[in-house]
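Pasted below: coords.txt, compact mmCIF, C-alpha atoms.
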```
# COMPACT_ATOMS: atom_id res chain seq x y z
CA MET A 19 -37.75 -26.42 -16.38
CA ARG A 20 -39.00 -26.05 -12.80
CA ILE A 21 -41.51 -23.39 -13.87
CA ARG A 22 -42.96 -25.70 -16.53
CA LEU A 23 -43.12 -28.57 -14.05
CA LEU A 24 -44.77 -26.36 -11.47
CA GLY A 25 -47.43 -25.30 -13.97
CA PHE A 26 -48.05 -28.92 -15.02
CA ILE A 27 -48.47 -30.10 -11.44
CA PHE A 28 -50.75 -27.17 -10.75
CA LEU A 29 -53.05 -27.94 -13.68
CA LEU A 30 -53.05 -31.63 -12.87
CA PHE A 31 -54.12 -31.30 -9.27
CA SER A 32 -56.05 -28.03 -9.19
CA GLN A 33 -59.61 -28.25 -7.98
CA SER A 34 -62.66 -26.07 -7.58
CA VAL A 35 -61.52 -24.65 -4.27
CA TRP A 36 -63.99 -21.78 -4.47
CA SER A 37 -66.87 -23.92 -3.25
CA ALA A 38 -65.14 -24.53 0.07
CA ALA A 39 -63.13 -21.33 0.22
CA LYS A 40 -63.12 -19.93 3.71
CA ILE A 41 -61.67 -16.44 3.63
CA GLU A 42 -59.99 -15.48 6.90
CA HIS A 43 -59.20 -11.83 7.52
CA TRP A 44 -57.06 -9.90 9.98
CA GLN A 45 -55.16 -6.66 10.20
CA THR A 46 -51.48 -6.22 10.98
CA PRO A 47 -50.32 -3.75 13.65
CA GLN A 48 -49.17 -1.44 10.83
CA GLY A 49 -52.69 -1.30 9.40
CA SER A 50 -52.33 -3.72 6.46
CA ARG A 51 -55.40 -5.86 5.74
CA VAL A 52 -54.70 -9.56 5.18
CA TYR A 53 -57.01 -12.06 3.47
CA TYR A 54 -56.12 -15.73 3.64
CA VAL A 55 -57.53 -18.95 2.18
CA HIS A 56 -56.01 -22.30 3.07
CA THR A 57 -56.02 -24.85 0.25
CA GLU A 58 -54.60 -28.38 0.36
CA GLY A 59 -53.36 -30.93 -2.13
CA LEU A 60 -50.86 -28.73 -3.92
CA PRO A 61 -47.55 -27.47 -2.42
CA MET A 62 -48.01 -23.96 -3.75
CA VAL A 63 -49.10 -20.51 -2.66
CA ASP A 64 -50.30 -17.46 -4.58
CA ILE A 65 -49.62 -14.11 -2.92
CA GLN A 66 -50.83 -10.66 -3.93
CA VAL A 67 -50.06 -7.30 -2.36
CA ALA A 68 -52.29 -4.51 -3.61
CA PHE A 69 -52.05 -0.80 -2.89
CA ASP A 70 -54.53 2.00 -3.43
CA ALA A 71 -52.01 3.37 -5.92
CA GLY A 72 -53.64 3.05 -9.31
CA SER A 73 -53.69 5.70 -12.02
CA ALA A 74 -56.50 7.52 -10.20
CA ARG A 75 -53.74 8.62 -7.78
CA ASP A 76 -51.66 10.24 -10.54
CA GLY A 77 -52.86 13.75 -9.73
CA HIS A 78 -51.81 15.92 -12.67
CA GLN A 79 -48.86 13.63 -13.49
CA PHE A 80 -50.76 11.24 -15.75
CA GLY A 81 -48.93 7.91 -16.05
CA LEU A 82 -46.94 8.22 -12.82
CA ALA A 83 -48.55 5.23 -11.10
CA ALA A 84 -47.99 3.00 -14.13
CA LEU A 85 -44.33 3.94 -14.53
CA THR A 86 -43.70 3.46 -10.80
CA SER A 87 -45.21 -0.02 -10.99
CA ALA A 88 -43.15 -0.87 -14.08
CA LEU A 89 -39.87 0.06 -12.32
CA LEU A 90 -40.37 -2.04 -9.19
CA ASP A 91 -38.64 -5.21 -10.39
CA THR A 92 -36.01 -3.54 -12.59
CA GLY A 93 -33.77 -3.12 -9.58
CA ALA A 94 -34.14 -3.54 -5.82
CA GLY A 95 -31.73 -3.69 -2.94
CA GLU A 96 -28.40 -4.81 -4.37
CA TRP A 97 -29.94 -6.65 -7.33
CA ASN A 98 -30.49 -5.54 -10.89
CA ALA A 99 -33.33 -6.76 -13.11
CA ASP A 100 -31.41 -9.82 -14.36
CA GLU A 101 -30.46 -10.87 -10.85
CA ILE A 102 -34.04 -10.48 -9.65
CA ALA A 103 -35.32 -12.57 -12.56
CA GLN A 104 -32.68 -15.21 -11.85
CA ARG A 105 -33.63 -15.43 -8.17
CA PHE A 106 -37.25 -16.15 -9.07
CA GLU A 107 -36.36 -18.54 -11.87
CA SER A 108 -33.95 -20.52 -9.68
CA VAL A 109 -36.83 -21.50 -7.36
CA GLY A 110 -39.53 -21.86 -10.00
CA ALA A 111 -41.41 -18.78 -8.81
CA GLN A 112 -43.37 -16.34 -10.94
CA PHE A 113 -43.56 -12.63 -10.12
CA GLY A 114 -45.71 -9.96 -11.70
CA ALA A 115 -46.76 -6.35 -11.32
CA SER A 116 -49.93 -4.76 -12.64
CA ILE A 117 -51.77 -1.46 -12.60
CA SER A 118 -55.38 -0.36 -13.00
CA LYS A 119 -57.41 2.77 -12.35
CA ASP A 120 -57.85 1.84 -8.69
CA MET A 121 -54.90 -0.27 -7.66
CA ALA A 122 -51.29 -1.27 -8.15
CA ALA A 123 -50.53 -4.90 -7.35
CA VAL A 124 -47.60 -7.28 -7.21
CA THR A 125 -48.10 -11.03 -7.32
CA LEU A 126 -46.03 -14.08 -6.51
CA ARG A 127 -46.62 -17.74 -7.21
CA THR A 128 -44.19 -20.09 -5.53
CA LEU A 129 -43.82 -23.60 -4.19
CA THR A 130 -44.13 -23.94 -0.41
CA ASP A 131 -41.00 -26.04 0.06
CA LYS A 132 -39.20 -23.92 2.67
CA PRO A 133 -35.88 -23.15 0.90
CA LEU A 134 -37.69 -22.29 -2.33
CA PHE A 135 -40.44 -20.34 -0.60
CA ASP A 136 -38.06 -18.36 1.60
CA LYS A 137 -35.94 -17.20 -1.33
CA ALA A 138 -38.97 -16.19 -3.40
CA LEU A 139 -40.55 -14.33 -0.48
CA GLU A 140 -37.30 -12.53 0.36
CA THR A 141 -36.98 -11.37 -3.24
CA MET A 142 -40.54 -10.05 -3.28
CA GLN A 143 -40.00 -8.30 0.06
CA VAL A 144 -36.91 -6.49 -1.20
CA ILE A 145 -38.76 -5.42 -4.36
CA LEU A 146 -41.51 -3.93 -2.21
CA ALA A 147 -39.29 -2.30 0.39
CA LYS A 148 -36.18 -1.29 -1.54
CA PRO A 149 -36.88 -0.51 -5.21
CA SER A 150 -33.90 1.28 -6.76
CA PHE A 151 -35.52 3.54 -9.36
CA ASN A 152 -32.04 4.01 -10.82
CA ALA A 153 -31.56 6.46 -13.67
CA ALA A 154 -30.74 3.97 -16.45
CA ASP A 155 -33.77 1.75 -15.77
CA PHE A 156 -35.98 4.80 -15.40
CA GLN A 157 -34.93 6.26 -18.73
CA ARG A 158 -35.40 2.94 -20.51
CA GLU A 159 -38.91 2.41 -19.14
CA LYS A 160 -39.82 6.03 -19.75
CA ASN A 161 -38.73 5.77 -23.38
CA ARG A 162 -40.64 2.52 -23.75
CA THR A 163 -43.76 4.16 -22.33
CA LEU A 164 -43.42 7.15 -24.65
CA ALA A 165 -43.03 4.83 -27.64
CA GLY A 166 -46.19 3.01 -26.60
CA LEU A 167 -48.09 6.27 -26.21
CA LYS A 168 -46.94 7.37 -29.64
CA GLN A 169 -48.11 4.06 -31.08
CA GLN A 170 -51.56 4.60 -29.57
CA GLU A 171 -52.01 7.54 -31.93
CA GLU A 172 -52.03 5.01 -34.77
CA SER A 173 -54.63 2.74 -33.16
CA PRO A 174 -58.30 3.63 -33.70
CA SER A 175 -59.37 1.40 -30.81
CA ASP A 176 -56.93 3.12 -28.42
CA LEU A 177 -58.05 6.56 -29.60
CA ALA A 178 -61.68 5.57 -29.07
CA GLY A 179 -61.00 4.29 -25.56
CA ILE A 180 -59.12 7.43 -24.52
CA ALA A 181 -61.84 9.73 -25.88
CA PHE A 182 -64.54 7.58 -24.28
CA TYR A 183 -63.09 7.86 -20.77
CA ASN A 184 -62.58 11.59 -21.24
CA ALA A 185 -66.21 11.97 -22.28
CA LEU A 186 -67.51 9.94 -19.33
CA TYR A 187 -65.31 11.32 -16.57
CA GLY A 188 -64.23 14.85 -17.49
CA ASP A 189 -62.02 16.10 -14.64
CA HIS A 190 -62.39 12.97 -12.50
CA PRO A 191 -59.23 10.92 -11.78
CA TYR A 192 -60.67 8.07 -13.87
CA ALA A 193 -60.65 10.19 -17.04
CA HIS A 194 -57.04 9.93 -18.19
CA PRO A 195 -55.34 6.83 -19.64
CA THR A 196 -53.64 4.56 -17.11
CA SER A 197 -50.38 4.73 -19.07
CA GLY A 198 -50.52 8.53 -19.14
CA VAL A 199 -50.07 10.97 -21.99
CA ILE A 200 -46.94 12.08 -23.80
CA ALA A 201 -47.02 15.60 -22.38
CA THR A 202 -46.90 14.44 -18.76
CA VAL A 203 -44.70 11.34 -19.10
CA SER A 204 -42.08 13.36 -20.97
CA GLY A 205 -41.54 15.52 -17.90
CA PHE A 206 -41.09 12.74 -15.34
CA GLU A 207 -37.90 12.48 -13.28
CA THR A 208 -36.82 9.67 -10.96
CA LYS A 209 -37.70 11.81 -7.94
CA ASP A 210 -41.35 11.80 -9.07
CA LEU A 211 -41.46 8.01 -8.90
CA ARG A 212 -39.73 7.94 -5.54
CA ASN A 213 -42.18 10.47 -4.13
CA PHE A 214 -45.15 8.48 -5.44
CA TYR A 215 -43.73 5.24 -4.05
CA GLN A 216 -43.05 6.77 -0.63
CA LYS A 217 -46.59 8.13 -0.39
CA TYR A 218 -48.61 5.14 -1.59
CA TYR A 219 -46.48 2.00 -1.15
CA VAL A 220 -46.90 1.97 2.61
CA ALA A 221 -48.16 -0.65 5.06
CA ALA A 222 -51.33 1.24 5.98
CA ASN A 223 -52.27 1.28 2.29
CA ALA A 224 -51.53 -2.40 1.62
CA VAL A 225 -53.89 -5.35 1.16
CA VAL A 226 -52.24 -8.79 1.33
CA VAL A 227 -53.84 -11.91 -0.15
CA ILE A 228 -52.47 -15.39 0.57
CA VAL A 229 -54.07 -18.45 -1.05
CA GLY A 230 -52.41 -21.82 -0.83
CA ASP A 231 -51.00 -24.64 1.25
CA LEU A 232 -49.85 -22.58 4.21
CA SER A 233 -51.22 -22.80 7.74
CA ARG A 234 -52.79 -19.76 9.38
CA LYS A 235 -49.65 -19.33 11.48
CA GLN A 236 -47.44 -19.51 8.39
CA ALA A 237 -49.68 -17.03 6.59
CA GLU A 238 -49.44 -14.57 9.48
CA LYS A 239 -45.65 -14.79 9.43
CA THR A 240 -45.61 -14.49 5.64
CA ALA A 241 -47.62 -11.26 5.71
CA GLU A 242 -45.43 -9.86 8.48
CA ASP A 243 -42.18 -10.77 6.69
CA LEU A 244 -43.42 -9.51 3.35
CA LEU A 245 -44.21 -6.03 4.64
CA THR A 246 -41.00 -5.65 6.63
CA GLY A 247 -39.24 -2.47 5.60
CA LEU A 248 -42.31 -0.63 4.39
CA GLN A 249 -43.08 2.68 6.03
CA VAL A 250 -46.33 2.62 8.01
CA GLY A 251 -47.68 5.70 6.24
CA GLN A 252 -51.41 6.25 5.90
CA LYS A 253 -54.26 5.47 3.56
CA PRO A 254 -54.99 8.16 0.97
CA GLU A 255 -58.19 10.16 0.97
CA LEU A 256 -61.14 8.55 -0.76
CA LEU A 257 -61.53 9.25 -4.46
CA PRO A 258 -64.22 11.80 -5.30
CA GLU A 259 -67.63 10.64 -6.45
CA VAL A 260 -68.20 10.52 -10.20
CA THR A 261 -70.25 13.38 -11.60
CA MET A 262 -72.73 12.13 -14.17
CA PRO A 263 -72.76 13.76 -17.63
CA SER A 264 -75.26 16.58 -17.95
CA GLU A 265 -76.31 15.66 -21.49
CA ALA A 266 -75.70 13.22 -24.30
CA THR A 267 -72.76 14.01 -26.59
CA GLN A 268 -71.36 12.51 -29.77
CA LYS A 269 -67.76 12.95 -30.92
CA HIS A 270 -66.19 11.70 -34.13
CA ILE A 271 -62.45 11.31 -34.58
CA GLU A 272 -61.32 11.14 -38.17
CA PHE A 273 -59.04 8.18 -38.90
CA PRO A 274 -58.01 6.56 -42.20
CA SER A 275 -59.49 3.12 -41.51
CA SER A 276 -61.98 0.95 -43.36
CA GLN A 277 -63.85 0.26 -40.11
CA THR A 278 -65.31 2.71 -37.63
CA HIS A 279 -64.87 1.95 -33.94
CA VAL A 280 -67.97 2.80 -31.91
CA LEU A 281 -68.22 3.19 -28.13
CA VAL A 282 -71.41 4.28 -26.38
CA GLY A 283 -71.98 4.51 -22.65
CA MET A 284 -71.98 6.39 -19.36
CA PRO A 285 -70.77 5.86 -15.78
CA GLY A 286 -72.45 2.70 -14.57
CA THR A 287 -71.82 0.68 -11.43
CA TYR A 288 -69.35 0.37 -8.56
CA ARG A 289 -68.07 -2.58 -6.58
CA LYS A 290 -70.43 -2.32 -3.58
CA ASP A 291 -73.45 -1.22 -5.60
CA PRO A 292 -76.74 -2.73 -4.29
CA ASP A 293 -77.87 -2.94 -7.93
CA TYR A 294 -74.72 -4.77 -9.06
CA PHE A 295 -76.10 -8.30 -9.45
CA THR A 296 -79.27 -7.06 -11.12
CA LEU A 297 -77.28 -4.97 -13.60
CA TYR A 298 -74.85 -7.84 -14.14
CA VAL A 299 -77.58 -10.31 -15.08
CA GLY A 300 -79.40 -7.72 -17.18
CA ASN A 301 -76.24 -6.86 -19.08
CA HIS A 302 -75.59 -10.56 -19.69
CA ILE A 303 -78.85 -10.63 -21.62
CA LEU A 304 -78.35 -7.28 -23.32
CA GLY A 305 -74.80 -7.68 -24.60
CA GLY A 306 -72.57 -9.62 -22.23
CA SER A 307 -73.30 -13.17 -23.30
CA GLY A 308 -71.69 -13.12 -26.73
CA LEU A 309 -73.50 -14.90 -29.54
CA VAL A 310 -76.87 -15.10 -27.77
CA SER A 311 -77.16 -11.51 -26.56
CA LYS A 312 -79.76 -9.03 -27.81
CA LEU A 313 -77.14 -6.67 -29.21
CA PHE A 314 -75.37 -9.42 -31.12
CA ASP A 315 -78.67 -10.65 -32.50
CA GLU A 316 -79.89 -7.22 -33.64
CA VAL A 317 -76.60 -5.84 -34.94
CA ARG A 318 -74.88 -8.93 -36.33
CA GLU A 319 -77.38 -11.72 -36.92
CA LYS A 320 -80.31 -9.75 -38.29
CA ARG A 321 -78.47 -6.98 -40.14
CA GLY A 322 -74.82 -7.97 -40.55
CA LEU A 323 -73.65 -4.52 -39.47
CA ALA A 324 -70.71 -5.69 -37.39
CA TYR A 325 -68.70 -8.81 -36.69
CA SER A 326 -69.71 -8.50 -33.05
CA ALA A 327 -71.47 -6.13 -30.66
CA SER A 328 -71.28 -6.32 -26.90
CA SER A 329 -71.90 -4.44 -23.67
CA SER A 330 -70.32 -4.48 -20.23
CA PHE A 331 -70.33 -2.97 -16.77
CA SER A 332 -66.84 -2.41 -15.33
CA PRO A 333 -67.30 -1.73 -11.61
CA MET A 334 -64.57 0.17 -9.79
CA PHE A 335 -64.30 1.93 -6.43
CA ARG A 336 -66.45 4.68 -7.91
CA LYS A 337 -68.78 4.21 -10.86
CA GLY A 338 -66.95 2.44 -13.65
CA PRO A 339 -68.13 2.63 -17.26
CA PHE A 340 -71.15 1.01 -18.81
CA THR A 341 -69.94 0.40 -22.36
CA ILE A 342 -71.47 -0.78 -25.61
CA GLY A 343 -68.94 -1.38 -28.35
CA LEU A 344 -68.79 -2.48 -31.97
CA GLN A 345 -66.84 -2.01 -35.18
CA THR A 346 -68.64 -1.44 -38.44
CA ARG A 347 -67.96 -0.48 -42.03
CA ASN A 348 -67.59 3.29 -42.34
CA ASP A 349 -70.67 3.72 -44.51
CA GLN A 350 -72.78 1.70 -42.03
CA THR A 351 -71.85 3.66 -38.92
CA GLN A 352 -75.05 5.67 -38.65
CA GLN A 353 -77.27 2.63 -39.20
CA ALA A 354 -75.31 0.61 -36.62
CA LEU A 355 -75.67 3.43 -34.09
CA GLU A 356 -79.40 3.61 -34.68
CA VAL A 357 -79.81 -0.13 -34.13
CA LEU A 358 -77.56 -0.01 -31.05
CA ASN A 359 -79.50 2.84 -29.46
CA LYS A 360 -82.89 1.35 -30.26
CA THR A 361 -81.90 -2.04 -28.85
CA LEU A 362 -80.75 -0.40 -25.64
CA ALA A 363 -83.83 1.84 -25.39
CA ASP A 364 -86.16 -1.13 -25.91
CA PHE A 365 -84.32 -3.15 -23.26
CA ILE A 366 -84.55 -0.29 -20.76
CA ALA A 367 -88.26 0.14 -21.46
CA GLN A 368 -89.30 -3.51 -21.58
CA GLY A 369 -86.59 -5.50 -19.84
CA PRO A 370 -85.88 -9.13 -20.75
CA THR A 371 -88.34 -11.97 -21.14
CA GLU A 372 -88.68 -14.62 -18.48
CA ALA A 373 -87.13 -17.16 -20.83
CA GLU A 374 -84.12 -14.91 -21.42
CA LEU A 375 -83.68 -14.47 -17.68
CA VAL A 376 -83.82 -18.21 -17.00
CA ALA A 377 -81.26 -18.87 -19.73
CA ALA A 378 -78.96 -16.13 -18.42
CA LYS A 379 -79.07 -17.46 -14.86
CA LYS A 380 -78.24 -20.97 -16.03
CA ASN A 381 -75.36 -19.68 -18.11
CA ILE A 382 -73.91 -17.54 -15.30
CA THR A 383 -74.28 -20.04 -12.46
CA GLY A 384 -73.40 -23.05 -14.62
CA GLY A 385 -69.96 -21.65 -15.43
CA PHE A 386 -69.35 -20.11 -12.03
CA ALA A 387 -67.14 -22.88 -10.65
CA MET A 388 -64.78 -22.63 -13.61
CA ARG A 389 -63.78 -19.15 -12.51
CA PHE A 390 -62.08 -20.53 -9.41
CA ASP A 391 -60.61 -23.82 -10.50
CA THR A 392 -57.07 -22.62 -9.80
CA ASN A 393 -55.49 -21.01 -6.76
CA LYS A 394 -54.35 -18.11 -8.93
CA GLU A 395 -57.88 -17.31 -10.08
CA LEU A 396 -59.18 -17.66 -6.55
CA ALA A 397 -56.46 -15.32 -5.28
CA SER A 398 -57.51 -12.76 -7.86
CA TYR A 399 -61.10 -12.82 -6.64
CA VAL A 400 -60.06 -12.75 -2.99
CA GLY A 401 -57.89 -9.75 -3.88
CA MET A 402 -60.92 -7.99 -5.34
CA ILE A 403 -62.98 -8.81 -2.26
CA GLY A 404 -60.23 -7.57 0.05
CA PHE A 405 -59.30 -4.42 -1.83
CA TYR A 406 -62.87 -3.21 -2.12
CA GLU A 407 -63.78 -4.46 1.39
CA MET A 408 -66.64 -6.58 0.12
CA PRO A 409 -68.42 -9.25 2.20
CA LEU A 410 -66.20 -12.24 2.93
CA ASP A 411 -69.02 -14.56 1.83
CA TYR A 412 -69.20 -12.92 -1.62
CA LEU A 413 -68.22 -16.15 -3.41
CA ASP A 414 -70.53 -18.31 -1.31
CA THR A 415 -73.56 -16.07 -1.92
CA PHE A 416 -72.83 -15.18 -5.56
CA GLN A 417 -75.17 -17.78 -7.06
CA GLN A 418 -77.89 -16.98 -4.53
CA ASN A 419 -77.68 -13.30 -5.48
CA ILE A 420 -77.94 -14.21 -9.16
CA GLU A 421 -81.00 -16.40 -8.56
CA GLN A 422 -82.80 -13.57 -6.74
CA VAL A 423 -82.73 -11.31 -9.81
CA THR A 424 -86.12 -10.89 -11.51
CA VAL A 425 -87.40 -9.41 -14.77
CA ALA A 426 -88.96 -6.60 -12.75
CA SER A 427 -85.73 -5.82 -10.85
CA ILE A 428 -83.72 -5.70 -14.10
CA THR A 429 -86.22 -3.35 -15.74
CA ASP A 430 -86.29 -1.13 -12.66
CA ALA A 431 -82.49 -1.01 -12.27
CA PHE A 432 -81.82 -0.21 -15.93
CA LYS A 433 -84.45 2.53 -15.94
CA ARG A 434 -82.85 4.12 -12.88
CA ARG A 435 -79.22 3.67 -13.85
CA ILE A 436 -78.93 3.93 -17.65
CA ASP A 437 -80.36 7.11 -19.17
CA PRO A 438 -80.32 7.32 -23.00
CA GLN A 439 -80.37 11.12 -22.63
CA LEU A 440 -76.92 10.99 -20.99
CA LEU A 441 -75.12 8.54 -23.28
CA GLN A 442 -71.68 9.52 -24.55
CA THR A 443 -70.89 8.35 -28.08
CA ILE A 444 -67.43 8.09 -29.62
CA THR A 445 -66.75 7.08 -33.21
CA VAL A 446 -63.29 6.71 -34.72
CA GLY A 447 -62.93 6.05 -38.43
CA LYS A 448 -63.17 7.55 -41.88
CA SER A 449 -66.32 9.56 -42.39
CA THR A 450 -68.48 8.67 -45.39
CA GLU A 451 -67.88 12.04 -47.01
CA ASN A 452 -64.11 11.57 -46.90
CA SER A 453 -64.22 7.95 -48.00
CA GLU A 454 -66.12 8.93 -51.13
CA LYS A 455 -63.49 11.49 -52.16
```
Final structure tokens representation of the file:
Amino acid sequence: MRIRLLGFIFLLFSQSVWSAAKIEHWQTPQGSRVYYVHTEGLPMVDIQVAFDAGSARDGHQFGLAALTSALLDTGAGEWNADEIAQRFESVGAQFGASISKDMAAVTLRTLTDKPLFDKALETMQVILAKPSFNAADFQREKNRTLAGLKQQEESPSDLAGIAFYNALYGDHPYAHPTSGVIATVSGFETKDLRNFYQKYYVAANAVVVIVGDLSRKQAEKTAEDLLTGLQVGQKPELLPEVTMPSEATQKHIEFPSSQTHVLVGMPGTYRKDPDYFTLYVGNHILGGSGLVSKLFDEVREKRGLAYSASSSFSPMFRKGPFTIGLQTRNDQTQQALEVLNKTLADFIAQGPTEAELVAAKKNITGGFAMRFDTNKELASYVGMIGFYEMPLDYLDTFQQNIEQVTVASITDAFKRRIDPQLLQTITVGKSTENSEK
């Protein structure tokens, strides 16, 4: 009941705090970076602790980071999973753990009333400092992961995504699936998780985000208390740069489906890329704006080749993927690919019109405030800013950076960054020859 009430109060009183968000930053003696935003009017705080411990740190043990993250709250200190869940539920707090290519993160949302806050924070601290990784929980989560990986073999979209990342990244740590592969996960033992945890879940590798109704002094104590018990450790070496593909390739994976899944792309942009805002606005016009994008218009509206077609840049620490995706009827795959490639080539050569640029800017800046109308959403963005060490005024200058984008800068950036001669194409579906048999 308290969780539902907490959520209701939060929605009732939340406000667009982003516009006045002042991000304060400091570093603990153990080397942890802390990012703090004070918000008023709601007795709540959102906390995130992120580590450079995403799947890119798996080494050759694909899936190790994900399984380690999944085991954190299944047992810690003297508590089992049920006891941990009960501790959070009894104070109306919400805990979560997530994993990506770059980072592993744990999050906490709790009321700031001292007895409730103290119990929630203590529980999170024990999870971070004393995870059990006991054999029974490990085996259960491992089996669950293996079942999920097996299920992926029956999903054309999953197969396409896995093949796409392999095509783009080759031997780079970004290439393999975050959840791993059956061959590697099958061989995991609890000692592997403990070793990974001891190497990467350390204070020097931690980024703490605190957004809510806590004073600066309270935030400093919160960060200090939260990291108590963690080894100091050290930050890992930087990930290697992404090597661009040497040529365009096309791979088809046969699958008994009525639709073919199509992914086309190449390594694109990274978090601190000087071209980021230009590419972001350009992509909004090309395929990121849904029903009014060029790709949607050419593929869906004019020709009815797919229900939807879209494109995206996914910036990471190193170059994340530029992706164009669609699903089409098997016998229309080649035509859809031709339209997709021509639309992209024309956009690279000509860029957008001035009218398209004006509309895109209005759409992006007009909805900007809605991205930060809750503390949780703001905490997520502050976490991104902190983890990637981006300028603290990123949110304040976002709209200004969007407004500075021009037709010429979009055309120039796309010509430099997206090369049709290097595109990697993945199709998963039933080939026309087989479907006619």
Quiz prompt | Residue among A:Pro191, A:Ala221, A:Ser175, A:Ala431 lying closest to Ser275 of chain A, counting all atoms listed in the file | solution = A:Ser175
Quiz item: Quick one, how far is atom CA of Thr128 of chain A from atom CA of Pro61 of chain A?
Solution: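 Between these atoms lies a distance of 8.7 Å.
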Exercise. Kindly give the distance, in Å, that separates atom CA of Ala324 of chain A and atom CA of Phe432 of chain A, rounded to a single decimal.
Key: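 Spanning atom CA of Ala324 of chain A to atom CA of Phe432 of chain A is a straight-line distance of 24.8 Å.
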Practice problem: List the neighbours of Ala224 of chain A out to 12 Å using only C-alpha atoms; skip same-chain residues closer than 6 positions along the sequence, and give me the result as a PyMOL selection string. | Solution: chain A and resi 45-46+48-53+66-71+121-124+146+217-218+241-242+244-245+248-254+401+404-406
Quiz prompt | Non-local contacts of Tyr325 of chain A (9 Å; all atoms listed in the file; under 4 positions in same chain excluded) as a ChimeraX atom specification | solution = /A:314,317-318,344-346
Those same residues, written as a PDB file, in the frame of the given file with C-alpha atoms?
```pdb
ATOM      1  CA  PHE A 314     -75.370  -9.420 -31.120  1.00  0.00           C
ATOM      2  CA  VAL A 317     -76.600  -5.840 -34.940  1.00  0.00           C
ATOM      3  CA  ARG A 318     -74.880  -8.930 -36.330  1.00  0.00           C
ATOM      4  CA  LEU A 344     -68.790  -2.480 -31.970  1.00  0.00           C
ATOM      5  CA  GLN A 345     -66.840  -2.010 -35.180  1.00  0.00           C
ATOM      6  CA  THR A 346     -68.640  -1.440 -38.440  1.00  0.00           C
TER       7      THR A 346
END
```
Quiz item: For the atom pair atom CA of Asp243 of chain A and atom CA of Pro47 of chain A, what is the interatomic distance in Å to one decimal place?
Solution: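 Atom CA of Asp243 of chain A sits 12.8 Å away from atom CA of Pro47 of chain A.
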Quiz prompt | Polymer residues at most 10 Å from segment 227-235 of chain A, only C-alpha atoms, same-chain spacing of 2 or more positions, as a count of residues only | solution = 48
Quiz prompt | Using only C-alpha atoms: which of A:Leu375, A:Leu134, A:Met262, A:Ala99 has the shortest distance to Arg435 of chain A | solution =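 Of A:Leu375, A:Leu134, A:Met262, A:Ala99, the one nearest Arg435 of chain A, counting only C-alpha atoms, is A:Met262.
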Quiz item: Between A:Leu167, A:Ala111, A:Val144, A:Leu355, which is the closest to Asp131 of chain A once you count only C-alpha atoms?
Solution: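 The shortest atom-to-atom distance to Asp131 of chain A comes from A:Ala111.
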Self-check item: Polymer residues at most 12 Å from Glu259 of chain A, only C-alpha atoms, same-chain spacing of 5 or more positions, as a PyMOL selection string
Solution: chain A and resi 187+189-192+285+287-288+334-338
Quiz prompt | Nearby residues (only C-alpha atoms) at most 9 Å from Ser204 of chain A, same-chain spacing under 6 positions excluded, as a list in words | solution =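 Once the adjacent positions are removed, what remains is Lys160, Asn161 and Leu164 of chain A.
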Exercise. Have a look at A:Glu265, A:Glu140, A:Glu255, A:Asp349 and name the one nearest to Leu186 of chain A; count all atoms listed in the file.
Key: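 The shortest atom-to-atom distance to Leu186 of chain A comes from A:Glu265.
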Practice problem: Within 9 Å of (-36.0, -5.1, -7.1) (coordinates as in the file), grab all the protein and nucleic acid residues, counting all atoms listed in the file, and write them out as an NGL selection string. | Solution: :A and (89-99 or 101-102 or 141-151)
Since we have the selection now, will you write its residues out, keeping C-alpha atoms, as a compact mmCIF listing (two decimals), in the coordinates of the input?
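Wrote result-v4.txt, looks like this:
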```txt
# COMPACT_ATOMS: atom_id res chain seq x y z
CA LEU A 89 -39.87 0.06 -12.32
CA LEU A 90 -40.37 -2.04 -9.19
CA ASP A 91 -38.64 -5.21 -10.39
CA THR A 92 -36.01 -3.54 -12.59
CA GLY A 93 -33.77 -3.12 -9.58
CA ALA A 94 -34.14 -3.54 -5.82
CA GLY A 95 -31.73 -3.69 -2.94
CA GLU A 96 -28.40 -4.81 -4.37
CA TRP A 97 -29.94 -6.65 -7.33
CA ASN A 98 -30.49 -5.54 -10.89
CA ALA A 99 -33.33 -6.76 -13.11
CA GLU A 101 -30.46 -10.87 -10.85
CA ILE A 102 -34.04 -10.48 -9.65
CA THR A 141 -36.98 -11.37 -3.24
CA MET A 142 -40.54 -10.05 -3.28
CA GLN A 143 -40.00 -8.30 0.06
CA VAL A 144 -36.91 -6.49 -1.20
CA ILE A 145 -38.76 -5.42 -4.36
CA LEU A 146 -41.51 -3.93 -2.21
CA ALA A 147 -39.29 -2.30 0.39
CA LYS A 148 -36.18 -1.29 -1.54
CA PRO A 149 -36.88 -0.51 -5.21
CA SER A 150 -33.90 1.28 -6.76
CA PHE A 151 -35.52 3.54 -9.36
```
Quiz item: Which residue out of A:Gln422, A:Thr341, A:Gln442, A:Ser116 has the minimum interatomic distance to Ser264 of chain A when only C-alpha atoms are used?
Solution: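 Ranked by minimum distance to Ser264 of chain A, first place goes to A:Gln442.
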Self-check item: Best match for closeness to Met284 of chain A among A:Pro174, A:Gly205, A:Pro263, A:Gly300, counting only C-alpha atoms
Solution: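 Between A:Pro174, A:Gly205, A:Pro263, A:Gly300, the residue approaching Met284 of chain A most closely is A:Pro263.
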